[in-house]
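What follows is one structure encoded as structure tokens, with my remarks underneath.
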Number of protein chains: 2
Amino acid sequence: MTRDSFSRQQAAAITGLTPRQLAYWRKTGLVVPAIHTDGGHARYTFTDLIALRAAKRLRDAGISLQRIRKCLRSLTHFLPTADRPLAELSLVVTGDVVLVFHGERAFDALTGQEWVFPIAELAREVEKLQRKQPRQGELFPAAEEKLEEYA
Amino acid sequence: MTRDSFSRQQAAAITGLTPRQLAYWRKTGLVVPAIHTDGGHARYTFTDLIALRAAKRLRDAGISLQRIRKCLRSLTHFLPTADRPLAELSLVVTGDVVLVFHGERAFDALTGQEWVFPIAELAREVEKLQRKQPRQGELFPAAEEKLEEYA
DNA sequence: AAGGGACAAAAACGGCGGTTTTTGTCCCTT
DNA sequence: AAGGGACAAAAACCGCCGTTTTTGTCCCTT
């Protein structure tokens, strides 16, 4: 029981996961312990624990393992800088979706699509428009066509 | 064409929605124009435009009308302060979920569940644990039971 | 204890068809 | 123009069911 390596039992106790889950997740590559003892037994590092804990939270939030896997696959694809997303990134979970916060922006962990728009921004848009009453089309080019179309 | 009331055509042109949609959304109560002319015709206010624009964005982001309605219903339920969520709150959309930012927190607009957890927080948790090696149970009470259970 | 295998229950997924909601279009009235 | 009604196409939803994934449990080996 050193300072920076944990047995499976310990890891399970700390993270709130079952030993069975650790075994399966290891076998399927979700979280693979970084260290092995001489006897070939697994040892979880501190970083491993964080990853496990993150995964546990995602599970508790109702995200299925399958979805977590998908997210990780696409994350390593569109955010290659992060090689251990579960231990590095800020995650927000809602319903069946995982959001990643990266700098000021938020992405869908699955698709990489960015989907943030504070209402304040909308207000500014419409305000601008209001000030230019006569030539309001500039802000919404597509809308301008519609204006003519339905005029 | 005053400064703060817009006809249906204008509203449609500005927001990028079709007049048909405005009519339907009005009829079904999603966004009801706040003003009426003497002749009984609808006039959209500036705030209405913002709401329309927000809804439009949600639609563009792939959120169905039905889901938007659900979100609004539950929003007015667990955030009663906001009586016009579409025109007041910050929304984040990903996949088929709508997130509401309210102060420092984020909620699922549908369930009201709060689901934010920066990884940094997890690291702190585990760090604390590491410093108290001998009595590690305090941080994860549930885990402590497991420790015994699987010991 | 840890690892691994085997088996079964539980959970999650994916596709399909039927139903409801939303939108487009046309027409009529004011 | 705006409102409203009617009809049809498109989009979205819901429930069902067979398949796959995940987990629990038991047993055996080191």
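Residues in the structure tokens are numbered from 1 in each chain, the chains being A, B, ... in the order shown, and ligands are numbered from 1 in the order shown.
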Provide as a PDB file with C-alpha atoms, in the first residue's frame the residues of chain A at most 10 Å from chain D, counting only C-alpha atoms (C1' of nucleotides).
ATOM      1  CA  THR A  18     -17.247  -2.772  -7.596  1.00  0.00           C
ATOM      2  CA  ARG A  20     -16.170  -6.641 -10.917  1.00  0.00           C
ATOM      3  CA  GLN A  21     -16.558  -3.367 -12.749  1.00  0.00           C
ATOM      4  CA  TYR A  24     -14.491  -5.547 -16.815  1.00  0.00           C
ATOM      5  CA  TRP A  25     -13.486  -1.979 -17.536  1.00  0.00           C
ATOM      6  CA  SER A  64     -24.378   4.323 -20.088  1.00  0.00           C
ATOM      7  CA  LEU A  65     -20.995   2.698 -20.450  1.00  0.00           C
ATOM      8  CA  GLN A  66     -21.564   2.428 -24.154  1.00  0.00           C
ATOM      9  CA  ALA A 151     -43.707  40.427 -49.146  1.00  0.00           C
TER      10      ALA A 151
END
Note to self: So the first atom is atom CA of Gln10 of chain A and the second is atom CA of Tyr44 of chain A; what is the distance between them in Å, to one decimal place?
What the structure shows: 8.9 Å
Contacts between chain A and chain C, please, where a residue of chain C counts if it comes within 10 Å (with only C-alpha atoms (C1' of nucleotides)); show its shortest atom pair and distance in Å to one decimal, rows by chain and ascending number, as CSV.
residue,atom,partner,partner_atom,distance
C:DA1,C1',A:Gln9,CA,8.8
C:DA2,C1',A:His41,CA,6.7
C:DG3,C1',A:His41,CA,8.1
C:DG4,C1',A:Ala23,CA,10.0
C:DA11,C1',A:Ser64,CA,8.7
C:DA12,C1',A:Ser64,CA,7.1
C:DC13,C1',A:Gln66,CA,8.8
Margin query: As an exercise, work out the distance from atom CA of Val31 of chain A to atom CA of Asp48 of chain A in Å and give it to one decimal place.
Written below: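 Separation between atom CA of Val31 of chain A and atom CA of Asp48 of chain A: 7.1 Å.
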Note to self: Please determine, counting only C-alpha atoms, which residue among A:Phe6, A:Ala87, A:Ala34, A:Pro19 has the shortest atom-to-atom distance to Arg53 of chain A.
What the structure shows: A:Ala87
Next item on the list: Quick one: pick out all helix (DSSP H, G or I) residues within segment 16-49 of chain A from a backbone DSSP run and write them as a PyMOL selection string.
Entry: chain A and resi 19-27+46-49
Using N, CA and C atoms, can you write the selected residues to a file as a tab-separated table (two decimals), in the first residue's frame?
chain	number	residue	atom	x	y	z
A	19	PRO	N	-15.34	-4.29	-7.60
A	19	PRO	CA	-14.18	-4.96	-8.20
A	19	PRO	C	-14.53	-5.56	-9.56
A	20	ARG	N	-15.74	-6.07	-9.65
A	20	ARG	CA	-16.17	-6.64	-10.92
A	20	ARG	C	-16.11	-5.61	-12.03
A	21	GLN	N	-16.58	-4.42	-11.74
A	21	GLN	CA	-16.56	-3.37	-12.75
A	21	GLN	C	-15.13	-3.02	-13.13
A	22	LEU	N	-14.27	-2.88	-12.15
A	22	LEU	CA	-12.88	-2.58	-12.46
A	22	LEU	C	-12.31	-3.64	-13.40
A	23	ALA	N	-12.62	-4.89	-13.09
A	23	ALA	CA	-12.10	-5.98	-13.92
A	23	ALA	C	-12.60	-5.85	-15.36
A	24	TYR	N	-13.90	-5.63	-15.47
A	24	TYR	CA	-14.49	-5.55	-16.81
A	24	TYR	C	-13.98	-4.32	-17.55
A	25	TRP	N	-13.93	-3.22	-16.89
A	25	TRP	CA	-13.49	-1.98	-17.54
A	25	TRP	C	-12.02	-2.12	-17.97
A	26	ARG	N	-11.27	-2.82	-17.18
A	26	ARG	CA	-9.88	-3.03	-17.55
A	26	ARG	C	-9.81	-3.92	-18.79
A	27	LYS	N	-10.56	-5.02	-18.73
A	27	LYS	CA	-10.54	-5.97	-19.83
A	27	LYS	C	-10.98	-5.31	-21.14
A	46	PHE	N	-2.73	7.19	-9.09
A	46	PHE	CA	-3.59	8.30	-8.67
A	46	PHE	C	-4.43	8.79	-9.84
A	47	THR	N	-3.78	8.97	-10.97
A	47	THR	CA	-4.51	9.41	-12.16
A	47	THR	C	-5.59	8.41	-12.55
A	48	ASP	N	-5.28	7.14	-12.42
A	48	ASP	CA	-6.30	6.12	-12.71
A	48	ASP	C	-7.53	6.33	-11.83
A	49	LEU	N	-7.27	6.61	-10.57
A	49	LEU	CA	-8.39	6.81	-9.64
A	49	LEU	C	-9.28	7.96	-10.11
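Separating atom CA of Pro80 of chain A from atom CA of Arg59 of chain A is a distance of 23.7 Å.
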Item checked: Which residue of A:Ile63, A:Leu86, A:Cys71, A:Leu79 approaches chain B most closely, using only C-alpha atoms ->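 Nearest candidate to chain B out of A:Ile63, A:Leu86, A:Cys71, A:Leu79: A:Leu86.
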Checklist line | Residue with smallest distance to chain B - pool A:Leu30, A:Ile35, A:Ala54, A:Leu75, counting only C-alpha atoms | finding: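 Counting only C-alpha atoms, the residue closest to chain B is A:Ala54.
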Notebook entry, point to check: Counting only C-alpha atoms, which of A:Arg57, A:Arg69, A:His36, A:Arg43 gets nearest to chain B?
Noted result: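 With only C-alpha atoms as the atom set, the closest residue is A:Arg57.
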